[in-house]
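Peer 1: Coordinates in data.csv, CSV, C-alpha atoms, are listed below.
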chain,number,residue,atom,x,y,z
A,1,MET,CA,118.3,106.6,80.2
A,2,THR,CA,114.7,105.6,80.2
A,3,LYS,CA,113.0,105.7,83.6
A,4,THR,CA,111.2,102.6,84.7
A,5,VAL,CA,108.3,102.1,87.1
A,6,ASP,CA,107.6,98.8,88.8
A,7,PHE,CA,103.9,97.9,89.1
A,8,TYR,CA,103.0,95.2,91.6
A,9,PHE,CA,99.5,93.8,91.0
A,10,ASP,CA,97.1,91.0,91.7
A,11,PHE,CA,94.1,90.4,89.4
A,12,GLY,CA,91.8,90.2,92.5
A,13,SER,CA,92.2,93.9,93.4
A,14,PRO,CA,89.8,96.3,91.8
A,15,ALA,CA,92.3,99.1,92.5
A,16,ALA,CA,95.0,97.2,90.6
A,17,TYR,CA,92.6,96.9,87.7
A,18,LEU,CA,91.9,100.7,87.8
A,19,ALA,CA,95.6,101.4,87.8
A,20,TYR,CA,96.2,98.9,85.0
A,21,THR,CA,93.8,100.8,82.8
A,22,GLN,CA,95.9,104.0,83.3
A,23,LEU,CA,99.3,102.5,82.6
A,24,PRO,CA,99.3,103.2,78.8
A,25,ARG,CA,98.6,106.9,79.6
A,26,LEU,CA,101.3,106.9,82.3
A,27,ALA,CA,103.8,105.5,79.9
A,28,GLY,CA,102.8,107.8,77.1
A,29,GLU,CA,103.0,110.9,79.2
A,30,THR,CA,106.3,110.1,80.9
A,31,GLY,CA,108.1,107.9,78.3
A,32,ALA,CA,108.7,105.5,81.2
A,33,THR,CA,108.8,101.7,80.9
A,34,VAL,CA,106.3,99.9,83.1
A,35,VAL,CA,107.7,96.7,84.6
A,36,MET,CA,104.8,94.5,85.5
A,37,LYS,CA,105.3,92.6,88.8
A,38,PRO,CA,102.7,89.8,89.5
A,39,ILE,CA,102.4,89.0,93.2
A,40,LEU,CA,99.9,87.1,95.3
A,41,LEU,CA,98.1,89.7,97.4
A,42,GLY,CA,97.0,87.1,99.9
A,43,GLY,CA,100.6,86.2,100.5
A,44,VAL,CA,101.4,89.9,100.9
A,45,PHE,CA,98.7,90.3,103.6
A,46,GLN,CA,99.9,87.2,105.4
A,47,ALA,CA,103.6,88.3,105.4
A,48,SER,CA,103.0,92.0,106.2
A,49,GLY,CA,100.3,91.5,108.8
A,50,ASN,CA,97.9,93.6,106.7
A,51,ARG,CA,94.3,92.5,106.1
A,52,PRO,CA,92.0,92.8,103.0
A,53,PRO,CA,90.2,96.2,103.2
A,54,ALA,CA,86.8,94.5,102.9
A,55,SER,CA,87.4,92.7,106.2
A,56,VAL,CA,86.1,95.9,107.7
A,57,PRO,CA,82.5,96.0,106.4
A,58,LEU,CA,82.0,99.8,106.3
A,59,LYS,CA,85.4,100.1,104.6
A,60,GLY,CA,84.6,97.5,102.0
A,61,SER,CA,81.3,99.1,101.0
A,62,TYR,CA,82.9,102.6,101.0
A,63,LEU,CA,85.9,101.6,98.9
A,64,PHE,CA,83.9,100.3,96.1
A,65,ARG,CA,82.0,103.6,95.9
A,66,ASP,CA,85.3,105.4,96.0
A,67,MET,CA,86.7,103.3,93.2
A,68,SER,CA,83.6,103.9,91.1
A,69,ARG,CA,84.2,107.6,91.4
A,70,PHE,CA,87.7,107.1,90.0
A,71,ALA,CA,86.4,104.8,87.2
A,72,ARG,CA,84.1,107.7,86.2
A,73,ARG,CA,87.0,110.1,86.4
A,74,TYR,CA,89.1,107.8,84.2
A,75,GLY,CA,86.3,107.0,81.9
A,76,VAL,CA,86.7,103.3,82.2
A,77,PRO,CA,84.2,100.6,83.1
A,78,LEU,CA,84.2,99.0,86.6
A,79,ASN,CA,81.7,96.6,88.0
A,80,MET,CA,81.8,95.0,91.4
A,81,ASN,CA,82.4,91.3,90.9
A,82,PRO,CA,79.5,89.5,92.8
A,83,PHE,CA,81.9,86.6,93.5
A,84,PHE,CA,84.5,88.8,95.2
A,85,PRO,CA,86.9,87.9,96.6
A,86,ILE,CA,88.3,86.0,93.7
A,87,ILE,CA,91.0,83.5,94.7
A,88,THR,CA,93.7,84.4,92.1
A,89,THR,CA,96.5,81.9,92.9
A,90,THR,CA,96.2,80.0,89.7
A,91,LEU,CA,95.7,83.1,87.6
A,92,MET,CA,98.8,84.8,89.1
A,93,ARG,CA,100.8,81.6,88.5
A,94,MET,CA,99.7,81.6,84.8
A,95,ASP,CA,100.7,85.2,84.6
A,96,LEU,CA,104.1,84.6,86.1
A,97,GLY,CA,104.6,81.5,84.0
A,98,LEU,CA,103.9,83.5,80.8
A,99,HIS,CA,106.2,86.3,82.0
A,100,LEU,CA,109.1,83.9,82.7
A,101,ARG,CA,108.9,82.4,79.3
A,102,ASN,CA,108.6,85.8,77.6
A,103,ASP,CA,105.3,84.8,76.1
A,104,PRO,CA,104.0,87.4,73.6
A,105,SER,CA,100.4,86.7,74.6
A,106,LEU,CA,101.0,88.0,78.1
A,107,LYS,CA,99.4,91.4,77.6
A,108,HIS,CA,96.4,89.9,76.1
A,109,PHE,CA,96.2,87.4,79.0
A,110,ARG,CA,96.2,90.3,81.5
A,111,ASP,CA,93.6,92.3,79.5
A,112,THR,CA,91.4,89.2,79.4
A,113,VAL,CA,91.6,88.4,83.1
A,114,PHE,CA,91.2,91.9,84.4
A,115,GLN,CA,88.2,92.5,82.0
A,116,ALA,CA,86.6,89.1,83.0
A,117,ILE,CA,86.7,90.0,86.7
A,118,TRP,CA,86.2,93.8,86.9
A,119,VAL,CA,84.0,94.5,83.8
A,120,ASP,CA,82.2,91.3,82.9
A,121,GLU,CA,81.7,90.1,86.5
A,122,ARG,CA,82.7,86.5,85.6
A,123,ASN,CA,83.1,84.0,88.4
A,124,LEU,CA,86.8,83.2,88.2
A,125,ASN,CA,86.6,81.2,91.4
A,126,ASP,CA,85.0,78.5,89.2
A,127,PRO,CA,87.7,76.6,87.1
A,128,ALA,CA,85.2,75.8,84.4
A,129,ILE,CA,84.5,79.5,83.9
A,130,VAL,CA,88.2,80.3,83.9
A,131,GLY,CA,88.5,77.8,81.1
A,132,ALA,CA,85.6,79.3,79.2
A,133,VAL,CA,87.0,82.8,79.6
A,134,LEU,CA,90.4,81.8,78.4
A,135,THR,CA,89.0,79.8,75.5
A,136,GLU,CA,86.8,82.7,74.4
A,137,ALA,CA,90.0,84.9,74.3
A,138,GLY,CA,91.9,82.4,72.2
A,139,PHE,CA,94.0,80.8,74.8
A,140,ASP,CA,94.5,77.0,75.5
A,141,PRO,CA,93.3,76.7,79.1
A,142,ALA,CA,94.9,73.2,79.5
A,143,ALA,CA,98.3,74.5,78.5
A,144,LEU,CA,98.0,77.4,80.9
A,145,LEU,CA,96.8,75.2,83.7
A,146,ALA,CA,99.8,72.9,83.1
A,147,LEU,CA,102.1,75.9,83.2
A,148,ALA,CA,100.5,77.1,86.5
A,149,SER,CA,101.0,73.6,88.0
A,150,GLU,CA,104.8,73.6,87.5
A,151,GLN,CA,106.5,73.5,90.9
A,152,SER,CA,109.1,76.0,89.8
A,153,ILE,CA,106.3,78.6,89.0
A,154,LYS,CA,104.6,78.0,92.3
A,155,ASP,CA,107.8,78.5,94.1
A,156,GLU,CA,108.7,81.6,92.1
A,157,LEU,CA,105.4,83.2,92.9
A,158,LYS,CA,106.1,82.8,96.6
A,159,THR,CA,109.6,84.1,96.2
A,160,VAL,CA,108.6,87.3,94.3
A,161,THR,CA,105.7,87.9,96.7
A,162,LEU,CA,108.0,87.7,99.7
A,163,ALA,CA,110.6,89.9,97.9
A,164,ALA,CA,107.9,92.5,97.3
A,165,VAL,CA,107.1,92.6,101.1
A,166,GLU,CA,110.8,92.8,101.8
A,167,ARG,CA,110.8,95.9,99.6
A,168,GLY,CA,108.0,97.4,101.6
A,169,VAL,CA,104.8,96.3,99.7
A,170,PHE,CA,101.8,95.7,102.0
A,171,GLY,CA,98.9,96.1,99.4
A,172,ALA,CA,98.1,96.5,95.8
A,173,PRO,CA,98.6,98.1,93.5
A,174,THR,CA,102.1,99.4,94.5
A,175,PHE,CA,104.5,101.4,92.3
A,176,PHE,CA,108.2,101.9,92.7
A,177,VAL,CA,110.2,104.6,91.0
A,178,GLY,CA,113.7,103.8,92.1
A,179,ASP,CA,113.5,103.5,95.9
A,180,GLU,CA,110.3,105.6,96.1
A,181,MET,CA,107.2,103.6,96.9
A,182,PHE,CA,103.7,104.6,96.1
A,183,TRP,CA,100.7,102.6,97.2
A,184,GLY,CA,97.3,102.8,95.6
A,185,GLN,CA,95.8,103.6,92.2
A,186,ASP,CA,95.0,107.0,93.6
A,187,ARG,CA,98.7,107.9,93.7
A,188,LEU,CA,99.2,107.9,89.9
A,189,ASP,CA,99.8,111.6,89.9
A,190,PHE,CA,102.7,111.3,92.4
A,191,VAL,CA,104.1,108.4,90.3
A,192,ARG,CA,103.9,110.7,87.2
A,193,ASP,CA,105.7,113.4,89.1
A,194,ALA,CA,108.4,111.0,90.2
A,195,LEU,CA,108.9,109.9,86.6
A,196,THR,CA,109.1,113.4,85.1
A,197,ASN,CA,111.1,115.3,87.7
B,198,MET,CA,71.1,127.7,99.9
B,199,THR,CA,74.7,127.4,101.2
B,200,LYS,CA,76.1,123.9,100.9
B,201,THR,CA,77.7,122.3,103.9
B,202,VAL,CA,80.4,119.7,104.4
B,203,ASP,CA,80.7,117.7,107.6
B,204,PHE,CA,84.3,117.1,108.7
B,205,TYR,CA,84.9,114.3,111.2
B,206,PHE,CA,88.3,114.5,112.9
B,207,ASP,CA,90.5,113.5,115.8
B,208,PHE,CA,93.5,115.5,116.7
B,209,GLY,CA,95.6,112.3,116.8
B,210,SER,CA,95.4,111.7,113.0
B,211,PRO,CA,98.1,113.4,110.9
B,212,ALA,CA,95.7,113.0,107.9
B,213,ALA,CA,93.0,114.9,109.8
B,214,TYR,CA,95.6,117.6,110.5
B,215,LEU,CA,96.5,117.8,106.8
B,216,ALA,CA,92.9,118.1,105.8
B,217,TYR,CA,92.3,120.7,108.5
B,218,THR,CA,95.0,122.9,107.0
B,219,GLN,CA,93.1,122.8,103.7
B,220,LEU,CA,89.6,123.6,105.0
B,221,PRO,CA,89.9,127.4,104.6
B,222,ARG,CA,90.8,127.0,100.9
B,223,LEU,CA,88.0,124.4,100.5
B,224,ALA,CA,85.5,126.9,102.0
B,225,GLY,CA,86.9,129.8,100.0
B,226,GLU,CA,86.7,127.9,96.7
B,227,THR,CA,83.3,126.4,97.1
B,228,GLY,CA,81.5,128.9,99.4
B,229,ALA,CA,80.5,125.9,101.5
B,230,THR,CA,80.2,125.9,105.3
B,231,VAL,CA,82.4,123.4,107.0
B,232,VAL,CA,80.7,121.7,110.0
B,233,MET,CA,83.4,120.4,112.3
B,234,LYS,CA,82.6,117.0,113.9
B,235,PRO,CA,84.9,116.0,116.8
B,236,ILE,CA,85.0,112.2,117.3
B,237,LEU,CA,87.2,109.8,119.1
B,238,LEU,CA,89.0,107.8,116.5
B,239,GLY,CA,89.8,105.0,118.9
B,240,GLY,CA,86.1,104.6,119.5
B,241,VAL,CA,85.5,104.5,115.7
B,242,PHE,CA,88.0,101.7,115.3
B,243,GLN,CA,86.5,99.7,118.1
B,244,ALA,CA,82.9,100.1,116.8
B,245,SER,CA,83.7,99.5,113.1
B,246,GLY,CA,86.3,96.7,113.5
B,247,ASN,CA,88.9,98.9,111.8
B,248,ARG,CA,92.5,99.1,113.1
B,249,PRO,CA,94.9,102.0,113.2
B,250,PRO,CA,96.9,102.0,110.0
B,251,ALA,CA,100.2,101.9,111.9
B,252,SER,CA,99.2,98.5,113.4
B,253,VAL,CA,100.7,97.2,110.1
B,254,PRO,CA,104.4,98.3,110.4
B,255,LEU,CA,105.1,98.6,106.7
B,256,LYS,CA,101.9,100.6,106.3
B,257,GLY,CA,102.7,102.9,109.2
B,258,SER,CA,106.1,103.9,107.9
B,259,TYR,CA,104.8,104.3,104.3
B,260,LEU,CA,101.8,106.4,105.3
B,261,PHE,CA,104.0,109.0,106.9
B,262,ARG,CA,106.1,109.3,103.8
B,263,ASP,CA,102.9,109.6,101.8
B,264,MET,CA,101.5,112.3,104.0
B,265,SER,CA,104.8,114.2,103.8
B,266,ARG,CA,104.4,114.3,100.1
B,267,PHE,CA,100.9,115.8,100.5
B,268,ALA,CA,102.3,118.3,103.0
B,269,ARG,CA,104.9,119.5,100.4
B,270,ARG,CA,102.1,119.7,97.8
B,271,TYR,CA,100.0,121.8,100.2
B,272,GLY,CA,102.9,123.8,101.3
B,273,VAL,CA,102.2,123.2,105.0
B,274,PRO,CA,104.5,121.9,107.8
B,275,LEU,CA,104.1,118.4,109.0
B,276,ASN,CA,106.4,116.5,111.5
B,277,MET,CA,106.0,113.0,112.7
B,278,ASN,CA,105.2,113.2,116.4
B,279,PRO,CA,107.8,111.1,118.2
B,280,PHE,CA,105.2,110.3,120.9
B,281,PHE,CA,102.6,108.9,118.4
B,282,PRO,CA,100.0,107.6,119.0
B,283,ILE,CA,98.7,110.5,121.1
B,284,ILE,CA,95.8,109.5,123.3
B,285,THR,CA,93.4,112.3,122.5
B,286,THR,CA,90.4,111.4,124.7
B,287,THR,CA,90.7,114.5,127.0
B,288,LEU,CA,91.6,116.8,124.0
B,289,MET,CA,88.5,115.7,122.1
B,290,ARG,CA,86.3,116.1,125.2
B,291,MET,CA,87.7,119.7,125.6
B,292,ASP,CA,86.9,120.3,121.9
B,293,LEU,CA,83.4,119.0,122.1
B,294,GLY,CA,82.8,120.9,125.4
B,295,LEU,CA,83.9,124.2,123.8
B,296,HIS,CA,81.7,123.4,120.8
B,297,LEU,CA,78.7,122.6,122.9
B,298,ARG,CA,78.9,126.0,124.7
B,299,ASN,CA,79.6,127.9,121.5
B,300,ASP,CA,82.9,129.1,122.8
B,301,PRO,CA,84.5,131.7,120.5
B,302,SER,CA,88.0,130.3,121.3
B,303,LEU,CA,87.2,127.0,119.7
B,304,LYS,CA,89.1,127.7,116.4
B,305,HIS,CA,92.1,128.9,118.3
B,306,PHE,CA,92.0,125.8,120.5
B,307,ARG,CA,92.0,123.5,117.4
B,308,ASP,CA,94.8,125.4,115.7
B,309,THR,CA,96.8,125.2,119.0
B,310,VAL,CA,96.3,121.4,119.4
B,311,PHE,CA,96.9,120.4,115.8
B,312,GLN,CA,100.0,122.6,115.7
B,313,ALA,CA,101.4,121.2,119.0
B,314,ILE,CA,101.1,117.6,117.8
B,315,TRP,CA,101.8,117.8,114.1
B,316,VAL,CA,104.2,120.7,113.8
B,317,ASP,CA,105.8,121.3,117.2
B,318,GLU,CA,106.1,117.5,118.1
B,319,ARG,CA,104.9,118.1,121.7
B,320,ASN,CA,104.1,115.1,123.9
B,321,LEU,CA,100.4,115.6,124.5
B,322,ASN,CA,100.3,112.2,126.2
B,323,ASP,CA,101.8,114.1,129.2
B,324,PRO,CA,99.1,116.1,131.0
B,325,ALA,CA,101.8,118.6,132.2
B,326,ILE,CA,102.8,119.4,128.6
B,327,VAL,CA,99.1,119.7,127.6
B,328,GLY,CA,98.8,122.3,130.4
B,329,ALA,CA,101.9,124.1,129.2
B,330,VAL,CA,100.8,124.2,125.6
B,331,LEU,CA,97.3,125.5,126.5
B,332,THR,CA,98.8,128.1,128.8
B,333,GLU,CA,101.2,129.3,126.2
B,334,ALA,CA,98.3,129.7,123.8
B,335,GLY,CA,96.3,131.8,126.3
B,336,PHE,CA,93.9,129.2,127.6
B,337,ASP,CA,93.1,128.3,131.2
B,338,PRO,CA,94.1,124.6,131.4
B,339,ALA,CA,92.3,123.9,134.7
B,340,ALA,CA,89.0,125.3,133.3
B,341,LEU,CA,89.4,123.2,130.1
B,342,LEU,CA,90.2,120.1,132.2
B,343,ALA,CA,87.1,120.7,134.3
B,344,LEU,CA,85.0,121.0,131.2
B,345,ALA,CA,86.5,117.7,129.8
B,346,SER,CA,85.7,116.0,133.1
B,347,GLU,CA,81.9,116.7,132.9
B,348,GLN,CA,80.0,113.5,132.6
B,349,SER,CA,77.7,114.9,130.0
B,350,ILE,CA,80.6,115.8,127.8
B,351,LYS,CA,82.1,112.3,128.2
B,352,ASP,CA,78.8,110.8,127.3
B,353,GLU,CA,78.2,113.1,124.4
B,354,LEU,CA,81.6,112.2,122.8
B,355,LYS,CA,80.7,108.5,122.9
B,356,THR,CA,77.3,109.3,121.4
B,357,VAL,CA,78.6,111.4,118.5
B,358,THR,CA,81.4,108.9,117.8
B,359,LEU,CA,78.9,106.0,117.6
B,360,ALA,CA,76.6,108.2,115.5
B,361,ALA,CA,79.5,108.7,113.1
B,362,VAL,CA,80.0,105.0,112.7
B,363,GLU,CA,76.3,104.5,112.2
B,364,ARG,CA,76.6,107.0,109.3
B,365,GLY,CA,79.4,105.0,107.8
B,366,VAL,CA,82.6,106.5,109.3
B,367,PHE,CA,85.4,104.0,109.9
B,368,GLY,CA,88.5,106.3,109.9
B,369,ALA,CA,89.6,110.0,109.9
B,370,PRO,CA,89.3,112.4,108.4
B,371,THR,CA,85.9,111.7,106.8
B,372,PHE,CA,83.8,114.2,104.9
B,373,PHE,CA,80.1,114.1,104.1
B,374,VAL,CA,78.4,116.2,101.5
B,375,GLY,CA,74.7,115.3,102.0
B,376,ASP,CA,74.7,111.5,102.0
B,377,GLU,CA,78.0,111.2,100.0
B,378,MET,CA,80.9,110.1,102.2
B,379,PHE,CA,84.6,110.7,101.4
B,380,TRP,CA,87.3,109.2,103.5
B,381,GLY,CA,90.8,110.6,103.7
B,382,GLN,CA,92.6,114.0,103.2
B,383,ASP,CA,93.5,112.7,99.7
B,384,ARG,CA,89.8,113.0,98.7
B,385,LEU,CA,89.6,116.8,99.0
B,386,ASP,CA,89.3,117.2,95.2
B,387,PHE,CA,86.2,114.9,95.2
B,388,VAL,CA,84.7,116.8,98.1
B,389,ARG,CA,85.3,120.0,96.2
B,390,ASP,CA,83.6,118.5,93.1
B,391,ALA,CA,80.6,117.4,95.3
B,392,LEU,CA,80.3,120.9,96.7
B,393,THR,CA,80.4,122.7,93.3
B,394,ASN,CA,78.4,120.4,91.1
What would the structure in this file look like if it were written as structure tokens?
Peer 2:
Amino acid sequence: MTKTVDFYFDFGSPAAYLAYTQLPRLAGETGATVVMKPILLGGVFQASGNRPPASVPLKGSYLFRDMSRFARRYGVPLNMNPFFPIITTTLMRMDLGLHLRNDPSLKHFRDTVFQAIWVDERNLNDPAIVGAVLTEAGFDPAALLALASEQSIKDELKTVTLAAVERGVFGAPTFFVGDEMFWGQDRLDFVRDALTN
Amino acid sequence: MTKTVDFYFDFGSPAAYLAYTQLPRLAGETGATVVMKPILLGGVFQASGNRPPASVPLKGSYLFRDMSRFARRYGVPLNMNPFFPIITTTLMRMDLGLHLRNDPSLKHFRDTVFQAIWVDERNLNDPAIVGAVLTEAGFDPAALLALASEQSIKDELKTVTLAAVERGVFGAPTFFVGDEMFWGQDRLDFVRDALTN
């Protein structure tokens, strides 16, 4: 039976971006199926009592240096987004909406959004720039916005976010292999071990 | 010139204990000198605006599982202390006092305290048990308590703790190689790279 790994993410997390860049290698090395789990990190913080790391100034500035070290190790680009934090509610609703209707463009959507925020430093807090980024990538922004505005999608994002916290999630990215939880892009080697042992 | 790595620690941190167990190997592999820097983690949290990880319940329970995975990887014992959190003010003052007078028993003192908390699960919140642990290890508890009660030692622990925060420290363990800061026992490989490149 093929093993699976659940990957909880929010586009607004640079650590989730870093992990996302490593998922193809993880799948390739382990043969595992990665199950993508969009959640709203702000909702996770609220429900778990956690806070964004950057709410501690020394931690925020350190963590970006730390993630830059991992980006170098992985050989992937990473730029601090000058508009951080990006409010990702609409983007995560779009993602979940595409997921729920099994839209084949979903992977391209994810690549586009992660790249816009964490490589191209685009200001995705500005709806006009979100529209421009999506148009450049070949999407129809109005259609995606309509999708994200559906009440059922809004409700479902709340539901899956609270379900993640119920399962133990307090930050992003978070991996599950069966019942075993791994928090952080820096735990990929433990995830790999769990998938191969 | 021999490279040095500064190691900021508090006995109350299981992550600091895990890193402590790996320092001989780090020094052996890199030829670096480890400079031990006792600080009071509670003071670091207060000055930096950080909070103990276990103040988020889901994070607290996860982090111990996470550290147990590292303990297995390192091949060292680790037990959750049932009396956690241990208030380490007196213990850190004893450590700093021994350090300031260049006492040759300092390494044995550190081994004793880390082991009592993170292997033997002793309740070092109880002064009587602190006394018993120190006596068992061949120390004179009354003499150490007198040392820890010196006003100059109390003041110095505050000074070095605030100096650590000035330098960027917001948690423990924290390493410095020159100006480069590394937070967490899980960054030992980056510390090793910084010492060998």
Peer 1: Could you check which of A:Phe11, A:Thr4, A:Val119, A:Ile153 is closest to Leu100 (chain A), using only C-alpha atoms?
Peer 2: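 Among the listed residues, the smallest separation from Leu100 (chain A) belongs to A:Ile153.
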Peer 1: Give the residues of chain A that lie within 10 Å of chain B; count only C-alpha atoms, and format the answer as a PyMOL selection string.
Peer 2: chain A and resi 45+48-51+53+55-59+61-63+65-66+69-70+165-171+180-183+186-187+190
Peer 1: Quick one: pull the distance between CA of Asn125 (chain A) and CA of Ile87 (chain A), Å, one decimal.
Peer 2: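 CA of Ile87 (chain A) lies 6.0 Å from CA of Asn125 (chain A).
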Peer 1: Point out the residue among A:Thr161, A:Val177, A:Gly184, A:Ser149 with the least atom-to-atom distance to Val44 (chain A), counting all atoms listed in the file.
Peer 2: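 Of A:Thr161, A:Val177, A:Gly184, A:Ser149, the one nearest Val44 (chain A) is A:Thr161, counting all atoms listed in the file.
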Peer 1: Would you pick out the contacts of Ala345 (chain B) at 7 Å or less, using only C-alpha atoms, so that residues sharing its chain but fewer than 3 positions from it are not included, and give the list as an MDAnalysis selection string?
Peer 2: chainID B and resid 287 290:291 294 341:342 350
Peer 1: Which residue gives the smallest distance to Ala15 (chain A) among A:Leu162, A:Ala128, A:Val113, A:Ala172, with only C-alpha atoms counted?
Peer 2: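 Of A:Leu162, A:Ala128, A:Val113, A:Ala172, the one nearest Ala15 (chain A) is A:Ala172, counting only C-alpha atoms.
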Peer 1: To one decimal place in Å, what is the distance between CA of Phe336 (chain B) and CA of Lys234 (chain B)?
Peer 2: 21.5 Å
Peer 1: What would region 188-195 of chain A look like with all heavy atoms restored, written as a short mmCIF file (atom, residue, chain, number, x, y, z; two decimals), in the coordinates of the input?
Peer 2:
data_model
loop_
_atom_site.label_atom_id
_atom_site.label_comp_id
_atom_site.auth_asym_id
_atom_site.auth_seq_id
_atom_site.Cartn_x
_atom_site.Cartn_y
_atom_site.Cartn_z
N LEU A 188 98.63 107.79 91.26
CA LEU A 188 99.20 107.90 89.90
C LEU A 188 99.82 109.22 89.62
O LEU A 188 100.83 109.30 88.91
CB LEU A 188 98.13 107.54 88.88
CG LEU A 188 97.90 106.04 88.62
CD1 LEU A 188 96.54 105.81 87.96
CD2 LEU A 188 99.01 105.47 87.74
N ASP A 189 99.24 110.28 90.18
CA ASP A 189 99.80 111.60 89.90
C ASP A 189 101.17 111.79 90.55
O ASP A 189 102.06 112.42 89.97
CB ASP A 189 98.82 112.72 90.27
CG ASP A 189 98.36 112.62 91.71
OD1 ASP A 189 98.46 111.52 92.31
OD2 ASP A 189 97.90 113.64 92.26
N PHE A 190 101.33 111.20 91.73
CA PHE A 190 102.70 111.30 92.40
C PHE A 190 103.67 110.42 91.60
O PHE A 190 104.84 110.79 91.48
CB PHE A 190 102.58 110.81 93.82
CG PHE A 190 101.96 111.83 94.76
CD1 PHE A 190 100.63 111.77 95.09
CD2 PHE A 190 102.74 112.85 95.28
CE1 PHE A 190 100.06 112.70 95.95
CE2 PHE A 190 102.19 113.79 96.14
CZ PHE A 190 100.84 113.72 96.47
N VAL A 191 103.21 109.27 91.08
CA VAL A 191 104.10 108.40 90.30
C VAL A 191 104.55 109.19 89.03
O VAL A 191 105.73 109.19 88.67
CB VAL A 191 103.39 107.11 89.88
CG1 VAL A 191 104.24 106.29 88.90
CG2 VAL A 191 103.05 106.27 91.11
N ARG A 192 103.59 109.87 88.42
CA ARG A 192 103.90 110.70 87.20
C ARG A 192 104.93 111.74 87.55
O ARG A 192 105.90 111.92 86.81
CB ARG A 192 102.58 111.30 86.71
CG ARG A 192 102.67 111.91 85.33
CD ARG A 192 101.28 112.32 84.84
NE ARG A 192 100.43 111.17 84.61
CZ ARG A 192 99.27 110.94 85.21
NH1 ARG A 192 98.77 111.80 86.07
NH2 ARG A 192 98.58 109.84 84.94
N ASP A 193 104.74 112.41 88.68
CA ASP A 193 105.70 113.40 89.10
C ASP A 193 107.09 112.82 89.28
O ASP A 193 108.10 113.41 88.87
CB ASP A 193 105.27 114.09 90.41
CG ASP A 193 104.07 115.02 90.21
OD1 ASP A 193 103.69 115.26 89.05
OD2 ASP A 193 103.51 115.46 91.23
N ALA A 194 107.13 111.66 89.94
CA ALA A 194 108.40 111.00 90.20
C ALA A 194 109.12 110.63 88.91
O ALA A 194 110.36 110.61 88.83
CB ALA A 194 108.25 109.79 91.09
N LEU A 195 108.34 110.33 87.87
CA LEU A 195 108.90 109.90 86.60
C LEU A 195 109.33 111.08 85.72
O LEU A 195 110.11 110.91 84.77
CB LEU A 195 107.93 109.02 85.84
CG LEU A 195 107.74 107.61 86.39
CD1 LEU A 195 106.53 106.94 85.75
CD2 LEU A 195 109.00 106.77 86.17
#
